[in-house]
Amino acid sequence: MAKIYYDNHADLARLKGRRVAVIGYGSQGHAHALNLRDSGVDVVVALHAGSKSRAKAEAAGLTVKSVSDAAKESPIIMILTPDVGQKDIYDQEIAPHITAGKTLMFGHGFNIRFGRIVPPKDVDVSMIAPKAPGHRVREVFVDGGGVPMLLAVEQDATGHAKEDALAYAKALGGTRAGVLETTFKEETETDLFGEQAVLCGGVSALVKAGFETLVKAGYQPEVAYFECMHELKLIVDLMYRGGLNYMRYSVSDTAEHGDYSGGPKIITEETLGAMHQMLSDIQDGTYAKAWIAENEKGRPWFNAKREEERNSEIEQVGAELRGMMPFLNPVTIKPGD
């Protein structure tokens, strides 16, 4: 059985008098810094010179310093910058200030799992990974709740790495919902697989394929959008609350029959084979090497694909329809965002 920890398992006092440096102020960084601050933790935000996030952090009342200065003065350092850039930041600005007994933390295990960052043996290395986007980590905390989180300890030099990580999770609100113990390896591999096969890659491809099939068959793009994109949230919300059984209980018998009869036609043995290969590429580092190489080349394929997808028909139709539904509080992503 998985080990899950709650408020009564964590002691915030472990962070008292110990400054935490949050490296980065993006989706997760801002949530970590603000939640830590509101939980009474001494926190400093570390940003590179000229960062656009500096004004936001300072406007929120947070202290902002350079990465080097923050790493030097802080016994606990949480790295929350994008995965592929972490190695350079660590090597150049953090590693020179990592001394015995300090704690190096991560919100995702990528750089430890694939050996991009190799901390000295006399420091604690741990991870607290919220299972939600940063804005939800913050919103739910402000409302008095918390989102589930994962905890992992790679190195326990002090003998208190787990207790300190739990205290950090409590400061974020995670122990209100539950903190599940895992490893850097398991978190990284399952996270990458979930993103590629289901949550992002799988869902996006399925939505687009369904939309394009209907449009090519002569149906109105607007109707195809509602059927394949808009209604997806309604189904996912049912799954979120009660699993597949509650979703099937809540829809019509015809829809439930379509679930049982249509699903196996989409997820075939070939699809499962592709998933197994995808997982294998993640496990043996093939995916990580390719993604790192793409970044080192300046992201030519990634940037071209991003532009292509932003200009796809389903996005054009969707933007127009969402603009007619103010109750959605629609969001528009512009070039450069």
# chains A, B, ... in the order shown; residues from 1 in each chain; ligands from 1

$ select_by_dssp --residues "stretch 25-240 of chain A" --states "helix (DSSP H, G or I)" --output "ChimeraX atom specification"
/A:27-38,54-59,67-73,83-97,110-113,134-142,161-172,174-177,184-199,201-216,221-230,232-240

$ residues_around --residues "A:Asp237" --least-positions-apart "5" --cutoff "12 Å" --atoms "only C-alpha atoms" --output "NGL selection string"
:A and (231-232 or 242-244 or 246-247 or 250)

$ closest_residue --among "A:Ile117, A:Ile282, A:Met78, A:Ala55" --to "A:Gln92" --atoms "only C-alpha atoms"
A:Ile117

$ residues_around --residues "A:Glu212" --least-positions-apart "6" --cutoff "9 Å" --atoms "only C-alpha atoms" --output "count of residues only"
4

$ closest_residue --among "A:Ser27, A:Ser312, A:Asn245, A:Asn303" --to "A:Phe211" --atoms "only C-alpha atoms"
A:Ser312
